[in-house]
$ cat entry23.cif   # mmCIF, C-alpha atoms and all ligand atoms
data_start
#
loop_
_atom_site.label_atom_id
_atom_site.label_comp_id
_atom_site.auth_asym_id
_atom_site.auth_seq_id
_atom_site.Cartn_x
_atom_site.Cartn_y
_atom_site.Cartn_z
CA MET M 1 71.85 68.82 123.29
CA LYS M 2 70.07 65.55 122.62
CA ALA M 3 67.40 67.16 120.48
CA LYS M 4 70.08 68.92 118.45
CA ALA M 5 72.05 65.70 117.90
CA ALA M 6 68.94 63.87 116.75
CA LYS M 7 68.15 66.67 114.30
CA VAL M 8 71.64 66.56 112.79
CA THR M 9 71.21 62.90 111.95
CA LYS M 10 68.28 63.68 109.69
CA THR M 11 70.79 65.15 107.20
CA LYS M 12 72.60 61.83 106.67
CA THR M 13 73.56 60.85 103.16
CA ALA M 14 71.81 57.87 101.63
CA SER M 15 75.13 56.20 100.74
CA VAL M 16 76.21 55.82 104.36
CA LYS M 17 75.31 52.46 105.83
CA LYS M 18 73.17 52.75 108.93
CA VAL M 19 74.14 51.12 112.18
CA LYS M 20 72.02 48.03 112.77
CA ALA M 21 71.98 46.47 116.18
CA ALA M 22 68.70 44.62 115.93
CA THR M 23 70.03 41.77 113.78
CA VAL M 24 72.00 40.15 116.62
CA LYS M 25 69.30 37.96 118.09
CA LYS M 26 71.61 35.47 119.74
CA ALA M 27 73.48 38.11 121.73
CA LYS M 28 70.26 39.77 122.94
CA MET M 29 71.94 43.15 122.55
CA PRO M 30 70.01 46.32 123.29
CA LYS M 31 69.29 48.26 120.10
CA ILE M 32 71.21 51.42 119.33
CA THR M 33 68.38 53.84 119.96
CA MET M 34 69.78 56.85 118.11
CA ASP M 35 69.21 56.81 114.37
CA VAL M 36 72.73 57.84 113.38
CA SER M 37 75.48 56.97 110.94
CA PRO M 38 78.82 56.86 112.77
CA GLU M 39 80.70 58.58 109.92
CA GLU M 40 78.66 61.70 110.58
CA ILE M 41 79.21 62.02 114.31
CA PHE M 42 82.84 61.05 115.00
CA VAL M 43 85.95 63.12 114.44
CA PRO M 44 87.58 61.05 111.69
CA THR M 45 90.77 60.08 113.57
CA TYR M 46 90.38 56.49 112.35
CA LYS M 47 89.58 55.04 108.95
CA ARG M 48 86.98 52.49 109.95
CA GLY M 49 83.78 51.02 108.71
CA GLY M 50 81.59 47.97 108.80
CA ALA M 51 79.07 46.91 111.39
CA PRO M 52 80.02 47.74 115.00
CA PHE M 53 81.23 44.99 117.29
CA VAL M 54 78.79 44.00 119.98
CA ARG M 55 80.20 41.07 121.94
CA GLY M 56 83.13 38.71 122.25
CA LYS M 57 83.87 35.31 123.72
CA GLY M 58 87.36 33.90 123.97
CA ILE M 59 89.15 34.31 120.67
CA TYR M 60 85.96 35.28 118.81
CA ILE M 61 84.26 38.63 118.35
CA TYR M 62 80.85 39.30 116.77
CA ASP M 63 79.45 42.30 114.95
CA SER M 64 75.93 43.65 114.99
CA ASP M 65 75.09 41.67 111.85
CA GLY M 66 75.88 38.51 113.81
CA LYS M 67 79.07 37.83 111.83
CA GLU M 68 81.82 35.95 113.69
CA TYR M 69 85.52 36.88 113.50
CA LEU M 70 88.69 35.30 114.83
CA ASP M 71 90.23 38.19 116.72
CA PHE M 72 93.94 38.11 115.85
CA GLY M 73 94.27 41.82 116.63
CA ALA M 74 93.06 41.43 120.23
CA GLY M 75 92.04 45.08 120.40
CA ILE M 76 95.60 46.07 119.39
CA ALA M 77 97.30 43.67 121.81
CA VAL M 78 94.98 44.50 124.71
CA ASN M 79 92.80 41.41 125.13
CA ALA M 80 95.57 39.08 126.25
CA LEU M 81 93.05 36.70 127.85
CA GLY M 82 90.52 36.95 125.05
CA HIS M 83 87.00 38.28 125.39
CA ALA M 84 84.79 37.74 128.43
CA HIS M 85 87.37 35.78 130.42
CA PRO M 86 85.47 34.35 133.44
CA ALA M 87 88.07 35.46 136.01
CA LEU M 88 87.98 39.03 134.69
CA LEU M 89 84.19 39.16 134.55
CA LYS M 90 83.97 37.93 138.12
CA GLU M 91 86.48 40.50 139.33
CA LEU M 92 84.78 43.26 137.34
CA GLY M 93 81.52 42.67 139.19
CA ALA M 94 83.16 42.13 142.57
CA GLN M 95 85.37 45.23 142.53
CA GLY M 96 82.68 47.30 140.78
CA GLY M 97 80.37 46.51 143.67
CA ARG M 98 82.99 47.50 146.25
CA ILE M 99 84.36 50.77 144.89
CA ILE M 100 84.80 52.13 141.37
CA HIS M 101 86.79 55.31 141.97
CA THR M 102 88.62 56.99 144.84
CA SER M 103 91.18 59.34 143.14
CA ASN M 104 94.88 59.23 143.95
CA LEU M 105 94.55 61.39 147.03
CA TYR M 106 94.08 58.09 148.88
CA TYR M 107 95.33 54.53 148.54
CA ASN M 108 93.02 51.83 147.34
CA GLU M 109 93.59 48.12 147.82
CA PRO M 110 93.55 46.97 144.17
CA GLN M 111 96.31 49.50 143.36
CA ILE M 112 98.48 48.17 146.15
CA GLU M 113 97.85 44.57 145.07
CA LEU M 114 98.78 45.33 141.47
CA ALA M 115 101.83 47.47 142.24
CA ALA M 116 103.14 44.75 144.56
CA ARG M 117 102.82 42.20 141.76
CA LEU M 118 104.58 44.47 139.25
CA VAL M 119 107.46 44.99 141.66
CA LYS M 120 107.63 41.30 142.58
CA HIS M 121 107.85 40.23 138.94
CA SER M 122 110.27 42.86 137.59
CA PHE M 123 113.53 44.75 138.08
CA ALA M 124 111.58 47.71 139.48
CA THR M 125 111.15 48.89 143.05
CA LYS M 126 108.60 51.67 142.40
CA VAL M 127 105.43 51.99 140.34
CA PHE M 128 103.35 54.87 138.98
CA LEU M 129 99.89 54.03 137.65
CA CYS M 130 98.10 55.91 134.89
CA ASN M 131 95.49 55.26 132.19
CA SER M 132 97.23 54.48 128.92
CA GLY M 133 100.45 53.86 127.07
CA THR M 134 100.94 57.43 125.98
CA GLU M 135 100.45 58.61 129.57
CA ALA M 136 102.95 56.04 130.83
CA ASN M 137 105.55 57.31 128.38
CA GLU M 138 104.71 60.92 129.19
CA ALA M 139 105.33 60.21 132.87
CA ALA M 140 108.49 58.21 132.14
CA ILE M 141 109.95 61.10 130.14
CA LYS M 142 109.07 63.57 132.89
CA PHE M 143 110.61 61.34 135.57
CA ALA M 144 113.79 60.94 133.51
CA ARG M 145 113.99 64.69 132.93
CA LYS M 146 113.48 65.37 136.64
CA ARG M 147 116.37 63.03 137.33
CA GLY M 148 118.51 64.58 134.61
CA THR M 149 117.89 68.24 135.44
CA GLY M 150 118.71 67.41 139.05
CA VAL M 151 122.23 66.70 137.79
CA SER M 152 122.50 69.65 135.37
CA SER M 153 119.95 72.13 133.97
CA GLN M 154 120.89 71.12 130.41
CA LYS M 155 120.45 67.40 131.01
CA PHE M 156 116.96 67.17 129.50
CA HIS M 157 117.56 65.68 126.04
CA VAL M 158 115.69 62.55 124.97
CA LEU M 159 116.83 60.05 122.34
CA SER M 160 114.46 57.73 120.49
CA PHE M 161 114.61 55.63 117.34
CA SER M 162 113.19 55.42 113.85
CA ASP M 163 109.97 53.42 113.45
CA GLY M 164 109.32 53.47 117.20
CA PHE M 165 105.89 54.38 118.47
CA HIS M 166 105.37 55.84 121.93
CA GLY M 167 101.98 57.57 121.82
CA ARG M 168 100.04 60.66 120.82
CA THR M 169 100.45 63.27 123.56
CA TYR M 170 103.15 65.88 122.99
CA GLY M 171 105.96 64.25 124.95
CA ALA M 172 105.22 60.72 123.73
CA LEU M 173 104.57 62.04 120.23
CA SER M 174 107.85 63.94 120.21
CA ALA M 175 109.63 60.71 121.14
CA THR M 176 107.87 58.92 118.27
CA ALA M 177 110.42 59.17 115.47
CA GLN M 178 107.95 58.88 112.62
CA PRO M 179 107.55 62.18 110.74
CA LYS M 180 104.03 61.32 109.51
CA PHE M 181 102.69 61.70 113.05
CA HIS M 182 104.24 65.17 113.42
CA VAL M 183 102.73 66.76 110.33
CA GLY M 184 100.69 69.87 111.09
CA VAL M 185 100.75 69.63 114.88
CA GLY M 186 104.03 71.42 115.64
CA PRO M 187 105.88 72.98 117.20
CA LEU M 188 106.92 69.99 119.26
CA PRO M 189 108.72 70.41 122.60
CA ASP M 190 112.50 70.95 122.52
CA GLY M 191 115.15 68.39 123.24
CA PHE M 192 113.94 65.34 121.30
CA HIS M 193 116.46 63.63 119.01
CA TYR M 194 116.28 60.60 116.77
CA ALA M 195 118.68 57.96 115.51
CA PRO M 196 118.16 54.99 113.21
CA PHE M 197 116.93 51.88 115.06
CA ASN M 198 119.64 49.29 115.66
CA ASP M 199 122.45 51.61 114.49
CA ILE M 200 124.98 51.76 117.32
CA GLN M 201 127.35 54.21 115.61
CA CYS M 202 124.63 56.75 114.86
CA ALA M 203 123.15 56.40 118.32
CA LYS M 204 126.57 57.04 119.86
CA ALA M 205 127.23 60.04 117.63
CA THR M 206 123.92 61.62 118.70
CA LEU M 207 124.35 60.72 122.36
CA ASP M 208 127.82 62.34 122.36
CA LYS M 209 126.38 65.65 121.10
CA TYR M 210 123.99 66.61 123.91
CA ASP M 211 123.41 66.06 127.61
CA PHE M 212 120.77 63.32 127.60
CA ALA M 213 118.25 62.58 130.35
CA ALA M 214 116.57 59.63 128.64
CA ILE M 215 116.83 57.02 125.96
CA ILE M 216 113.48 55.50 125.08
CA VAL M 217 113.18 52.40 122.93
CA GLU M 218 110.72 49.63 122.15
CA PRO M 219 112.90 46.51 122.41
CA LEU M 220 110.48 44.87 119.95
CA GLN M 221 108.71 47.47 117.84
CA GLY M 222 105.03 46.79 117.25
CA GLU M 223 103.43 49.63 115.28
CA GLY M 224 106.63 50.18 113.30
CA GLY M 225 106.40 46.74 111.67
CA VAL M 226 107.43 44.08 114.24
CA ASN M 227 111.14 44.93 114.32
CA ALA M 228 113.38 43.51 117.04
CA ALA M 229 116.23 45.50 118.57
CA SER M 230 119.47 43.55 118.36
CA VAL M 231 120.96 42.39 121.65
CA GLU M 232 124.14 44.35 120.84
CA PHE M 233 122.12 47.53 120.32
CA LEU M 234 120.29 47.15 123.65
CA ARG M 235 123.56 46.33 125.42
CA PHE M 236 125.20 49.41 123.96
CA LEU M 237 122.30 51.62 125.10
CA ARG M 238 122.44 50.03 128.57
CA GLU M 239 126.16 50.63 128.95
CA TYR M 240 126.12 54.18 127.59
CA ALA M 241 123.12 55.11 129.77
CA ALA M 242 124.77 53.72 132.89
CA GLU M 243 128.04 55.58 132.21
CA HIS M 244 126.26 58.92 131.70
CA THR M 245 123.42 58.68 134.28
CA ILE M 246 120.84 58.56 131.52
CA SER M 247 117.55 56.82 132.31
CA LEU M 248 117.08 53.92 129.89
CA ILE M 249 113.36 53.51 129.21
CA PHE M 250 112.00 50.33 127.65
CA ASP M 251 108.55 50.80 126.20
CA GLU M 252 107.03 47.33 126.62
CA ILE M 253 103.49 48.58 126.13
CA GLN M 254 102.96 46.25 123.19
CA CYS M 255 105.66 43.60 123.60
CA GLY M 256 105.44 43.13 127.38
CA MET M 257 103.05 41.23 129.69
CA GLY M 258 103.80 37.78 128.31
CA ARG M 259 103.13 38.49 124.64
CA THR M 260 106.49 37.20 123.52
CA GLY M 261 106.66 34.14 125.77
CA THR M 262 108.50 35.80 128.64
CA LEU M 263 106.78 38.20 131.00
CA TRP M 264 108.95 41.07 129.73
CA TYR M 265 110.56 41.04 126.31
CA HIS M 266 113.84 42.45 127.66
CA GLU M 267 114.40 39.25 129.64
CA GLN M 268 115.20 37.57 126.33
CA ALA M 269 117.93 40.09 125.59
CA GLY M 270 119.31 39.97 129.14
CA VAL M 271 119.29 43.77 129.31
CA THR M 272 117.44 45.61 132.08
CA PRO M 273 116.14 49.19 131.84
CA ASP M 274 115.87 51.86 134.55
CA ILE M 275 112.26 52.55 133.60
CA MET M 276 109.71 50.36 131.84
CA THR M 277 106.33 51.48 130.56
CA LEU M 278 103.30 49.20 130.33
CA ALA M 279 99.67 49.54 129.28
CA LYS M 280 97.54 47.70 126.69
CA PRO M 281 96.83 44.25 128.30
CA LEU M 282 97.58 45.43 131.83
CA GLY M 283 93.99 46.40 132.70
CA GLY M 284 92.34 43.33 131.19
CA GLY M 285 90.57 45.61 128.68
CA LEU M 286 90.08 48.61 130.97
CA PRO M 287 92.31 51.67 130.56
CA LEU M 288 95.43 51.23 132.68
CA GLY M 289 99.08 52.13 132.25
CA ALA M 290 102.12 51.83 134.48
CA VAL M 291 105.62 53.18 134.84
CA LEU M 292 107.99 50.83 136.64
CA CYS M 293 111.31 52.26 137.79
CA ILE M 294 114.34 51.92 140.01
CA ASP M 295 114.79 53.85 143.27
CA ASP M 296 117.24 56.34 141.71
CA VAL M 297 114.47 57.55 139.40
CA ALA M 298 111.66 57.55 141.98
CA ALA M 299 113.89 59.44 144.42
CA CYS M 300 113.78 62.47 142.08
CA ILE M 301 109.99 62.75 142.28
CA SER M 302 108.11 64.60 145.01
CA PRO M 303 104.37 64.93 145.68
CA GLY M 304 102.86 67.29 143.11
CA ASP M 305 105.47 66.66 140.41
CA HIS M 306 103.07 64.46 138.46
CA GLY M 307 99.60 63.04 138.89
CA THR M 308 96.37 61.76 137.38
CA THR M 309 92.76 61.73 138.56
CA PHE M 310 91.81 58.36 137.12
CA GLY M 311 95.17 56.57 136.90
CA GLY M 312 95.24 53.28 138.78
CA ASN M 313 91.46 53.04 138.89
CA PRO M 314 90.45 50.34 141.42
CA VAL M 315 88.42 48.28 138.94
CA ALA M 316 91.16 48.42 136.27
CA CYS M 317 93.78 47.48 138.89
CA ALA M 318 91.69 44.58 140.21
CA LEU M 319 91.57 43.19 136.67
CA GLY M 320 95.27 43.99 136.32
CA SER M 321 96.17 41.72 139.23
CA LYS M 322 94.17 38.89 137.66
CA VAL M 323 95.93 39.42 134.34
CA MET M 324 99.32 39.47 136.08
CA ASP M 325 98.59 36.28 138.02
CA ILE M 326 97.73 34.45 134.81
CA VAL M 327 100.39 35.79 132.45
CA SER M 328 103.27 35.55 134.91
CA ASP M 329 102.79 31.79 135.25
CA LYS M 330 105.72 29.91 133.68
CA LYS M 331 103.51 27.23 132.11
CA PHE M 332 101.29 29.88 130.54
CA LEU M 333 104.36 31.68 129.16
CA ASP M 334 105.83 28.47 127.75
CA LYS M 335 102.57 27.84 125.93
CA VAL M 336 102.63 31.35 124.47
CA GLN M 337 106.14 30.66 123.22
CA ALA M 338 105.20 27.27 121.75
CA ASN M 339 102.03 28.57 120.08
CA GLY M 340 103.95 31.57 118.78
CA ASP M 341 106.50 29.26 117.18
CA TYR M 342 103.65 27.21 115.73
CA LEU M 343 102.02 30.33 114.23
CA LYS M 344 105.33 31.50 112.83
CA GLY M 345 105.97 28.09 111.31
CA LYS M 346 102.56 28.04 109.64
CA LEU M 347 103.05 31.53 108.24
CA ALA M 348 106.58 30.69 107.09
CA ALA M 349 105.10 27.78 105.12
CA LEU M 350 102.78 30.25 103.40
CA ALA M 351 105.75 32.49 102.66
CA GLY M 352 107.14 29.65 100.55
CA LYS M 353 103.91 29.59 98.59
CA PHE M 354 103.07 33.27 98.12
CA ARG M 355 105.52 35.66 96.52
CA SER M 356 103.64 38.56 98.06
CA ILE M 357 105.13 37.62 101.47
CA ASP M 358 108.64 38.95 102.02
CA ASN M 359 109.34 37.37 105.42
CA ILE M 360 107.85 36.31 108.73
CA ARG M 361 109.17 38.02 111.86
CA GLY M 362 108.46 38.47 115.55
CA THR M 363 108.58 36.55 118.80
CA GLY M 364 105.94 34.63 120.72
CA LEU M 365 102.49 35.85 119.75
CA LEU M 366 103.62 39.15 118.28
CA VAL M 367 104.17 37.98 114.74
CA GLY M 368 104.46 40.00 111.55
CA ALA M 369 104.13 38.96 107.93
CA ARG M 370 106.17 41.50 106.02
CA MET M 371 104.61 41.86 102.58
CA LYS M 372 106.28 43.09 99.41
CA ASP M 373 103.51 45.69 98.88
CA ASP M 374 100.97 47.63 100.90
CA PRO M 375 98.97 44.90 102.68
CA SER M 376 95.80 46.96 103.29
CA LYS M 377 93.83 44.97 100.72
CA SER M 378 94.83 41.64 102.29
CA VAL M 379 93.85 42.95 105.75
CA ASP M 380 90.42 43.88 104.34
CA GLU M 381 90.10 40.48 102.63
CA CYS M 382 90.86 38.75 105.94
CA ARG M 383 88.15 40.76 107.66
CA LYS M 384 85.62 39.88 104.96
CA ARG M 385 86.47 36.22 105.57
CA GLY M 386 86.18 36.46 109.35
CA LEU M 387 89.73 37.16 110.53
CA LEU M 388 90.88 40.38 112.19
CA VAL M 389 94.55 41.23 111.68
CA ILE M 390 96.22 44.65 111.86
CA LYS M 391 98.58 46.47 109.54
CA ALA M 392 101.86 47.66 111.06
CA GLY M 393 104.35 50.08 109.50
CA MET M 394 104.16 50.40 105.73
CA ASN M 395 103.97 46.77 104.75
CA THR M 396 103.54 44.37 107.66
CA ILE M 397 100.48 42.42 108.75
CA ARG M 398 100.44 41.83 112.49
CA PHE M 399 99.12 38.64 114.07
CA MET M 400 98.69 39.15 117.82
CA PRO M 401 95.84 36.97 119.04
CA PRO M 402 94.84 36.64 122.68
CA LEU M 403 97.58 34.72 124.48
CA THR M 404 95.00 32.03 125.18
CA VAL M 405 94.79 31.12 121.48
CA SER M 406 94.75 27.40 120.61
CA ARG M 407 96.47 25.60 117.73
CA LYS M 408 93.07 24.92 116.21
CA ASP M 409 92.38 28.68 116.19
CA ILE M 410 95.80 29.28 114.63
CA ASP M 411 95.14 26.71 111.89
CA LYS M 412 91.81 28.35 111.15
CA ALA M 413 93.30 31.85 111.03
CA VAL M 414 96.17 30.80 108.75
CA LYS M 415 93.68 29.14 106.38
CA ILE M 416 91.68 32.36 106.16
CA PHE M 417 94.87 34.34 105.59
CA GLU M 418 95.85 31.94 102.82
CA ALA M 419 92.44 32.38 101.18
CA ALA M 420 92.76 36.16 101.45
CA LEU M 421 96.20 36.10 99.80
CA SER M 422 94.88 33.85 97.03
CA VAL M 423 92.59 36.60 95.75
CA GLY M 424 95.66 38.77 95.09
C1 LIG I 501 104.80 50.54 122.02
C2 LIG I 501 103.67 51.49 122.26
N1 LIG I 501 103.86 52.53 123.07
C3 LIG I 501 102.86 53.39 123.33
C4 LIG I 501 101.61 53.26 122.76
C5 LIG I 501 100.51 54.21 123.09
O1 LIG I 501 99.58 53.58 123.91
P1 LIG I 501 98.09 54.14 124.07
O2 LIG I 501 97.42 53.98 122.76
O3 LIG I 501 97.50 53.29 125.17
O4 LIG I 501 98.20 55.56 124.49
C6 LIG I 501 101.39 52.18 121.89
C7 LIG I 501 100.09 52.02 121.23
O5 LIG I 501 99.94 51.40 120.22
C8 LIG I 501 102.44 51.28 121.63
O6 LIG I 501 102.27 50.23 120.83
#
$ encode --input "entry23.cif" --output "structure tokens" --more "lines below"
Ligand SMILES: Cc1ncc(COP(=O)(O)O)c(C=O)c1O
Amino acid sequence: MKAKAAKVTKTKTASVKKVKAATVKKAKMPKITMDVSPEEIFVPTYKRGGAPFVRGKGIYIYDSDGKEYLDFGAGIAVNALGHAHPALLKELGAQGGRIIHTSNLYYNEPQIELAARLVKHSFATKVFLCNSGTEANEAAIKFARKRGTGVSSQKFHVLSFSDGFHGRTYGALSATAQPKFHVGVGPLPDGFHYAPFNDIQCAKATLDKYDFAAIIVEPLQGEGGVNAASVEFLRFLREYAAEHTISLIFDEIQCGMGRTGTLWYHEQAGVTPDIMTLAKPLGGGLPLGAVLCIDDVAACISPGDHGTTFGGNPVACALGSKVMDIVSDKKFLDKVQANGDYLKGKLAALAGKFRSIDNIRGTGLLVGARMKDDPSKSVDECRKRGLLVIKAGMNTIRFMPPLTVSRKDIDKAVKIFEAALSVG
């Protein structure tokens, strides 16, 4: 196989930039030994380019050309504690040296430690651990359907909302009410229905039509453009779900784990779900997802109903407990809130200066600059100038730095953003 792969690379086109690892002297990185151009060997599921990233420290990340970037994307809201956080590195080595994998046929200590923390710090009494956000939502939908079909065979319908994003596997994808993700991959499973986000009347009309097992909603949408659910909308969903024994699922994969200045975003709305899904920052950068639920949901699940070989990996869970210990601290959360307000204020000041900005939105350190036009060019300009930000929805630029970001970092990032907007 290796010989074949090496041969294929000989056919590379001259226009494709070669990967260069050797230029990063400071980082003492090993060279990429295969003479390949990434465009030729990856399935093109992402539009990406530029030199690969080779190391990170705190809020900064460095590419193989040695260029430094302020990482205000945080690996799509994963690196809550920044890069190379000492507590995580220590735990990585310690747990890696003890045991890396056991499967879920047995308990392992880091899983128990993490699950206990998740229960202690939430509404939930039971936890299921998996590897990612999409898997957490997949499991949540299955659990809700198990609960529903235990009441009536037709109680399997799932309601979700426009501009939400729940993942890429068929269940999570079917709950993602964005037609662009469904093109060419149908047929999707039956029983998924959509209503406009924040529209109580439409949600009620749809809910009244079928026998629903689940309502799944991001209380603060990330990928869809940093859109907050109104408190009234969440309250309506809560009340309707309770009256009809529907499992209310909050997808806090992006907005949870302290990102908005409270451990869970739903605390700010004062509305509690039956199931909550988590992932992204949970594993400190390693793949880890979780479903948190109430006893009534867990009681519908028996051994064999669901499972995962890797889910709740001991190393990922050991990092997860460290992340939880840090982000659940009230002082830490207050700082996230204060720095989030500071970032929003700085961006709002720019909105007064640049007509290209429509408005600034978001909570804590999940902040969006909604632009009047497609912001892709501004995102690219920021990257050229050493700032990583991420597009969300059609026209929003997302700022979601590590939660450890300082005001100095924020000032620097906003200056770069301003310079990027100045070039049009
Ligand atoms: C709110 C939300 N749910 C689910 C997912 C899917 O998570 P993953 O990419 O880990 O499968 C994402 C990813 O962006 C997300 O933002």
$ closest_atom_pairs --input "entry23.cif" --of "chain M" --to "ligand LIG 501 (chain I)" --cutoff "7 Å" --atoms "all atoms listed in the file" --output "JSON lines"
{"residue": "M:Ile76", "atom": "CA", "partner": "I:LIG501", "partner_atom": "O5", "distance": 6.9}
{"residue": "M:Ser132", "atom": "CA", "partner": "I:LIG501", "partner_atom": "O3", "distance": 3.9}
{"residue": "M:Gly133", "atom": "CA", "partner": "I:LIG501", "partner_atom": "O1", "distance": 3.3}
{"residue": "M:Thr134", "atom": "CA", "partner": "I:LIG501", "partner_atom": "O4", "distance": 3.6}
{"residue": "M:Glu135", "atom": "CA", "partner": "I:LIG501", "partner_atom": "O4", "distance": 6.3}
{"residue": "M:Asn137", "atom": "CA", "partner": "I:LIG501", "partner_atom": "C3", "distance": 6.9}
{"residue": "M:Phe165", "atom": "CA", "partner": "I:LIG501", "partner_atom": "C2", "distance": 5.3}
{"residue": "M:His166", "atom": "CA", "partner": "I:LIG501", "partner_atom": "C3", "distance": 3.8}
{"residue": "M:Gly167", "atom": "CA", "partner": "I:LIG501", "partner_atom": "C5", "distance": 3.9}
{"residue": "M:Arg168", "atom": "CA", "partner": "I:LIG501", "partner_atom": "O4", "distance": 6.5}
{"residue": "M:Glu218", "atom": "CA", "partner": "I:LIG501", "partner_atom": "C1", "distance": 6.0}
{"residue": "M:Gln221", "atom": "CA", "partner": "I:LIG501", "partner_atom": "C1", "distance": 6.5}
{"residue": "M:Gly222", "atom": "CA", "partner": "I:LIG501", "partner_atom": "O6", "distance": 5.7}
{"residue": "M:Glu223", "atom": "CA", "partner": "I:LIG501", "partner_atom": "O6", "distance": 5.7}
{"residue": "M:Asp251", "atom": "CA", "partner": "I:LIG501", "partner_atom": "C1", "distance": 5.6}
{"residue": "M:Glu252", "atom": "CA", "partner": "I:LIG501", "partner_atom": "C1", "distance": 6.0}
{"residue": "M:Ile253", "atom": "CA", "partner": "I:LIG501", "partner_atom": "C1", "distance": 4.7}
{"residue": "M:Gln254", "atom": "CA", "partner": "I:LIG501", "partner_atom": "O6", "distance": 4.7}
{"residue": "M:Ala279", "atom": "CA", "partner": "I:LIG501", "partner_atom": "O3", "distance": 6.0}
{"residue": "M:Lys280", "atom": "CA", "partner": "I:LIG501", "partner_atom": "O3", "distance": 5.8}
$ residues_around --input "entry23.cif" --residues "Asn395 in chain M" --least-positions-apart "4" --cutoff "12 Å" --atoms "all atoms listed in the file" --output "list of chain:residue names"
M:Glu223, M:Gly224, M:Gly225, M:Val226, M:Ser356, M:Ile357, M:Asp358, M:Asn359, M:Ile360, M:Gly368, M:Ala369, M:Arg370, M:Met371, M:Lys372, M:Asp373, M:Asp374, M:Pro375, M:Ser376, M:Lys377, M:Ser378, M:Val379, M:Ile390, M:Lys391
$ closest_residue --input "entry23.cif" --among "M:His306, M:Arg383, M:Lys335, M:Lys209" --to "Ala140 in chain M" --atoms "only C-alpha atoms"
M:His306
$ atom_distance --input "entry23.cif" --atom1 "CA of His193 in chain M" --atom2 "CA of Phe233 in chain M"
17.1 Å
$ atom_distance --input "entry23.cif" --atom1 "CA of Ser152 in chain M" --atom2 "CA of Leu207 in chain M"
15.9 Å
$ residues_around --input "entry23.cif" --residues "Ser321 in chain M" --least-positions-apart "2" --cutoff "9 Å" --atoms "all atoms listed in the file" --output "MDAnalysis selection string"
chainID M and resid 110:111 113:115 117:118 282:283 316:319 323:326
$ closest_residue --input "entry23.cif" --among "M:Gly320, M:Pro314, M:Gly184, M:Gly191" --to "Ala290 in chain M" --atoms "all atoms listed in the file"
M:Gly320
$ atom_distance --input "entry23.cif" --atom1 "CA of Leu388 in chain M" --atom2 "CA of Phe354 in chain M"
19.9 Å
$ closest_residue --input "entry23.cif" --among "M:Gly256, M:Val336, M:Cys202, M:Asp274" --to "Ala242 in chain M" --atoms "only C-alpha atoms"
M:Asp274
$ residues_around --input "entry23.cif" --residues "range 181-183 of chain M" --least-positions-apart "4" --cutoff "12 Å" --atoms "only C-alpha atoms" --output "MDAnalysis selection string"
chainID M and resid 163:177 187:189
$ closest_residue --input "entry23.cif" --among "M:Ala144, M:Gly312, M:Asn79, M:Leu421" --to "Ile112 in chain M" --atoms "all atoms listed in the file"
M:Gly312
$ residues_around --input "entry23.cif" --residues "Gly148 in chain M" --least-positions-apart "5" --cutoff "7 Å" --atoms "all atoms listed in the file" --output "MDAnalysis selection string"
chainID M and resid 155:156 213
$ closest_residue --input "entry23.cif" --among "M:Lys90, M:Phe192, M:Val217, M:Gly307" --to "Leu105 in chain M" --atoms "only C-alpha atoms"
M:Gly307
$ closest_residue --input "entry23.cif" --among "M:Val54, M:Cys293, M:Leu263, M:Val271" --to "His121 in chain M" --atoms "only C-alpha atoms"
M:Leu263
$ closest_atom_pairs --input "entry23.cif" --of "range 284-395 of chain M" --to "range 402-420 of chain M" --cutoff "12 Å" --atoms "only C-alpha atoms" --output "CSV"
residue,atom,partner,partner_atom,distance
M:Gly284,CA,M:Pro402,CA,11.1
M:Gly285,CA,M:Pro402,CA,11.6
M:Val323,CA,M:Leu403,CA,11.0
M:Ile326,CA,M:Thr404,CA,10.3
M:Val327,CA,M:Leu403,CA,8.5
M:Ser328,CA,M:Leu403,CA,11.9
M:Lys331,CA,M:Thr404,CA,12.0
M:Phe332,CA,M:Thr404,CA,8.5
M:Leu333,CA,M:Leu403,CA,8.8
M:Asp334,CA,M:Leu403,CA,10.9
M:Lys335,CA,M:Leu403,CA,8.6
M:Val336,CA,M:Leu403,CA,6.1
M:Gln337,CA,M:Leu403,CA,9.6
M:Ala338,CA,M:Arg407,CA,9.8
M:Asn339,CA,M:Arg407,CA,6.7
M:Gly340,CA,M:Leu403,CA,9.1
M:Asp341,CA,M:Arg407,CA,10.7
M:Tyr342,CA,M:Arg407,CA,7.6
M:Leu343,CA,M:Ile410,CA,6.3
M:Lys344,CA,M:Ile410,CA,9.9
M:Gly345,CA,M:Val414,CA,10.5
M:Lys346,CA,M:Val414,CA,7.0
M:Leu347,CA,M:Val414,CA,6.9
M:Ala348,CA,M:Val414,CA,10.5
M:Ala349,CA,M:Val414,CA,10.1
M:Leu350,CA,M:Glu418,CA,7.2
M:Ala351,CA,M:Glu418,CA,9.9
M:Gly352,CA,M:Glu418,CA,11.7
M:Lys353,CA,M:Glu418,CA,9.4
M:Phe354,CA,M:Glu418,CA,8.7
M:Ser356,CA,M:Glu418,CA,11.3
M:Ile357,CA,M:Glu418,CA,11.0
M:Gly364,CA,M:Leu403,CA,9.2
M:Leu365,CA,M:Leu403,CA,6.9
M:Leu366,CA,M:Leu403,CA,9.7
M:Ala369,CA,M:Phe417,CA,10.6
M:Pro375,CA,M:Ala420,CA,10.8
M:Ser376,CA,M:Ala420,CA,11.4
M:Lys377,CA,M:Ala420,CA,8.9
M:Ser378,CA,M:Ala420,CA,5.9
M:Val379,CA,M:Ala420,CA,8.1
M:Asp380,CA,M:Ala420,CA,8.6
M:Glu381,CA,M:Ala420,CA,5.2
M:Cys382,CA,M:Ala420,CA,5.5
M:Arg383,CA,M:Ala420,CA,9.0
M:Lys384,CA,M:Ala420,CA,8.8
M:Arg385,CA,M:Ile416,CA,6.5
M:Gly386,CA,M:Ile416,CA,7.6
M:Leu387,CA,M:Ala413,CA,6.4
M:Leu388,CA,M:Ala413,CA,8.9
M:Val389,CA,M:Phe417,CA,9.2
